[in-house]
Structures are given as C-alpha cells and as structure tokens.
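Chemist: One structure, pasted below without further comment.
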Amino acid sequence: MKAAIIGLGKMGSNMARRLIRNGHQIIGFNLSPEITRELAENEGLQVAFSLEEVIENLPQPRVVWVMVPAGDPTEMTIKSLTSLLNEGDILIDGGNSNYQSSIRHGKTLAEKGISFIDVGTSGGIWGLTEGYSMMIGGEKKAVESITPLLKTLAPGEDQGWGHVGPIGSGHFAKMIHNGIEYGLMQAYAEGFEILKAKEEFQLDLGQIAEIWRFGSVIRSWLLDITAQALKENPELDGIKGWVADSGEGRWTVFESIDLDVPAPVITAALQARFVSRKEENFSAKILAAMRNQFGGHAVKAE
C-alpha cells in the first residue's frame with residue numbers, strides 16, 4: 001500500500017521505517033530536508049519537499065498520515081492539506097490532538113468528501129521494534145481501507161489496535177490513556193523516592209526495579225524503562241526534577257470535571273508536575289509565615 005507520512009520526528013520516522021521494511025511504499029515530508037534525505041538514503045523512503053509534491057506522487061484515493069505536534073502545527077498542516085486533497089482521499093491525524101479538534105476537522109473535511117481518521121498512537125521510540133498501540137476513530141469504511149497500514153504498525157495483526165468509534169473517539173481514548181500514564185508514573189516515582197530515603201538500608205534502586213520486573217503485580221513497560229534508566233545512571237545525575245506535561249493529562253482532568261467523574265490520582269499526578277516546575281514555592285513560604293505568626297514557629301532564611 002502506498003501512503004504519505006507528514007512529519008518525520010522520532011515517531012513519524014520510526015513509523016515510516018516499520019512500514020517500508022514491511023513492503024509498503026511511503027512518501028515522506030518533513031520541514032527539515034536533512035531528516036527526509038537520511039530516511040531516503042537509508043530506508044528507501046520516497047522524498048518530497050513540499051505538500052504539493054506529496055499529493056502529486058500519491059495514487060488516488062490518497063492516504064496521508066499526519067504526525068506533527070498537536071496544536072498550531074497540526075492545524076496548519078491539515079488546513080493546507082484540505083485545499084490539496086480531493087473527494088475520496090483519506091487524511092489521518094496520528095498525533096496527540098484534542099478530540100474536539102478532531103471532530104471539527106472531520107466535519108470540515110466531510111464537506112469536501114474527504115474522510116478523516118483520528119488515530120491515538122502510543123509506543124514512542126520503541127514502536128519501531130515493538131509496534132504501536134493505536135486507538136482509531138472514524139467511519140468504518142475509511143478505517144477498513146487503511147487496515148494494511150494499521151496491521152503493519154501494530155504489535156500484531158490482531159493486537160494493540162482497534163476501531164473504537166466515530167471521529168474523535170480515537171484521540172479521546174488516547175487522552176485517557178495518557179491521563180492513566182500520569183498516575184502510574186507518579187506512583188513509581190514516589191515509591192522509588194521512599195526507597196531512596198531509607199538511607200540506612202543502602203538500597204540499590206536498580207536492583208529492586210529489576211526484581212519487580214518479573215513476577216510482580218506491578219511489573220510493566222514503564223517499570224522496564226525505569227530499570228534501564230537506573231542501570232545507566234543510578235543517581236540520575238544531570239537530570240533536573242522538572243517535568244513537562246504535553247496536554248493530555250490536563251484534558252483528562254477537564255473531562256473528569258465535565259462528566260462529574262472523580263479522578264483524584266490523575267489530578268494529583270498532574271499537579272505534581274506543576275510543582276516540579278516551580279523555581280520558588282511561594283505557597284510554601286505563606287505556610288511557613290502563617291505558622292510563625294500563630295505559633296511562633298521558626299522559619300528558615302533563604
């Protein structure tokens with residue numbers, strides 16, 4: 001099957017590699033020509049240096065898979081492609097877009113007879129070898145037409161992927177997936193910090209992580225990569241405890257509020273990331289000042 005991938009970052013590049021190595025013809029376009037050329041030389045990627053060139057070299061009905069950052073980059077890319085694609089073509093957004101944006105894109109593209117599919121994609125840099133977990137939203141006929149691509153990208157032909165519902169549902173499922181991820185990561189992080197704090201035992205965190213990886217009820221891929229990180233850098237030297245959030249965790253919390261569904265663990269995990277990014281904790285200063293005012297408790301000077 002021939003398709004195009006727009007956006008050749010780490011995940012987009014690895015998706016292109018996996019598809020090409022399994023017999024698909026892929027046209028790639030990236031804002032950085034260097035990345036495009038590297039994939040062309042090493043993987044047999046067909047090169048395109050503009051969206052127009054991508055469209056010209058795809059057979060109809062065209063299949064274009066967008067893998068660019070959520071927000072403005074995705075919005076601009078989809079807007080440009082909307083003017084280039086024709087009736088019967090398929091546009092896929094495999095990034096971390098908000099599901100409400102996907103619903104909007106689906107309606108806009110439908111007016112031109114273009115099918116829109118939102119694919120919530122998980123797998124990161126490991127997807128090349130392990131396959132990608134994909135939650136797919138869109139009309140049944142459109143999704144069925146790209147099944148050869150999905151089966152190739154997935155961990156197995158009938159594993160790790162599925163058509164979960166209408167347009168928007170794929171990104172909605174991925175949003176909740178990432179919210180859960182926040183909670184799991186925070187639990188591991190807190191547990192390892194408690195282990196480290198028990199200084200008299202001089203615990204080897206990497207060793208414990210390895211023990212937990214096998215037979216334990218808390219074994220997981222997140223634990224696997226935690227064990228690898230501790231093996232490579234036991235004290236995590238050079239890593240600042242500053243944790244970003246890419247949006248999905250926030251959206252999950254917003255949805256929990258809108259739907260009146262309590263989500264205390266995910267919410268607390270999101271808040272912990274906010275705390276990690278504060279250079280100065282003014283609220284803690286307020287607490288110290290209050291204790292000093294009402295009880296004469298000592299405060300520590302900066």
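Residue numbering restarts at 1 in every chain; chains get A, B, ... in the order shown in the structure tokens, and ligands count up from 1 in that same order.
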Env of region 138-143 of chain A: 9 Å cut, atoms = only C-alpha atoms, seq-sep filter 6 positions within chain, self excluded. Answer as a list in words.
Modeler: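 Selected residues are Ile90, Gly106, Ser115, Phe116, Ile117, Asp118, Val119, His163, Val164, Gly165, Pro166, Ile167, Gly168, Ser169 and Gly170 of chain A.
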Chemist: Which of region 10-204 of chain A end up as helix (DSSP H, G or I) when DSSP is run on this backbone - answer as a ChimeraX atom specification?
Modeler: /A:10-21,33-43,51-56,72-84,99-110,124-130,140-145,147-153,169-197,199-201
Chemist: Please identify every residue of region 93-175 of chain A that has at least one atom no farther than 12 Å from an atom of region 215-232 of chain A, counting only C-alpha atoms, and for each give the shortest atom pair and the distance in Å to one decimal, arranged by chain then increasing number, as CSV.
Modeler:
```
residue,atom,partner,partner_atom,distance
A:Gly123,CA,A:Trp221,CA,10.4
A:Gly124,CA,A:Trp221,CA,11.9
A:Ile125,CA,A:Ile225,CA,11.8
A:Trp126,CA,A:Ile225,CA,10.6
A:Glu130,CA,A:Trp221,CA,11.2
```
Chemist: Let's have the selection written as a tab-separated table (two decimals), in the first residue's frame, with N, CA and C atoms.
Modeler:
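Saved the output as selection_24.tsv:
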```tsv
chain	number	residue	atom	x	y	z
A	123	GLY	N	3.49	4.39	21.83
A	123	GLY	CA	4.60	3.49	21.50
A	123	GLY	C	5.94	4.19	21.52
A	124	GLY	N	5.91	5.51	21.30
A	124	GLY	CA	7.14	6.29	21.37
A	124	GLY	C	8.24	5.75	20.48
A	125	ILE	N	9.48	5.87	20.96
A	125	ILE	CA	10.63	5.46	20.16
A	125	ILE	C	10.74	3.94	20.06
A	126	TRP	N	9.99	3.21	20.90
A	126	TRP	CA	10.06	1.75	20.88
A	126	TRP	C	9.13	1.13	19.84
A	130	GLU	N	8.69	-2.77	18.64
A	130	GLU	CA	7.62	-3.39	19.42
A	130	GLU	C	6.24	-3.22	18.79
```
Chemist: Using only C-alpha atoms, which residue out of A:Pro155, A:Ile6, A:Arg21, A:Leu31 lies closest to Leu91 (chain A)?
Modeler: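 Between A:Pro155, A:Ile6, A:Arg21, A:Leu31, the residue approaching Leu91 (chain A) most closely is A:Ile6.
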Chemist: Using DSSP on the backbone coordinates, identify all residues within region 115-192 of chain A classified as strand (DSSP E or B); present the result as number ranges by chain.
Modeler: A: 115-122, 133-137, 156, 159, 161-165
Chemist: I'd like to know which of A:Leu259, A:Ile176, A:Met15, A:Leu39 is closest to Tyr99 (chain A), using only C-alpha atoms.
Modeler: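 Answer, going by the shortest atom-to-atom distance: A:Ile176.
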Chemist: A:Leu205, A:Ala244, A:Ala269, A:Leu58: which is nearest Gly179 (chain A), counting only C-alpha atoms?
Modeler: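 Nearest to Gly179 (chain A): A:Ala269.
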Chemist: Of the residues A:Arg17, A:Asp89, A:Met1, A:Arg62, which is the one nearest to Glu38 (chain A), using only C-alpha atoms?
Modeler: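 When distances to Glu38 (chain A) are compared using only C-alpha atoms, the smallest one comes from A:Arg17.
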Chemist: Ranking A:Thr152, A:Asn57, A:Thr147, A:Ser97 by minimum distance to Asn22 (chain A) and counting only C-alpha atoms, which one comes first?
Modeler: A:Thr152
Chemist: Skip Gly88 (chain A) itself and residues of its chain fewer than 6 positions away, then list as a count of residues only all residues within 12 Å of it, counting only C-alpha atoms.
Modeler: 17
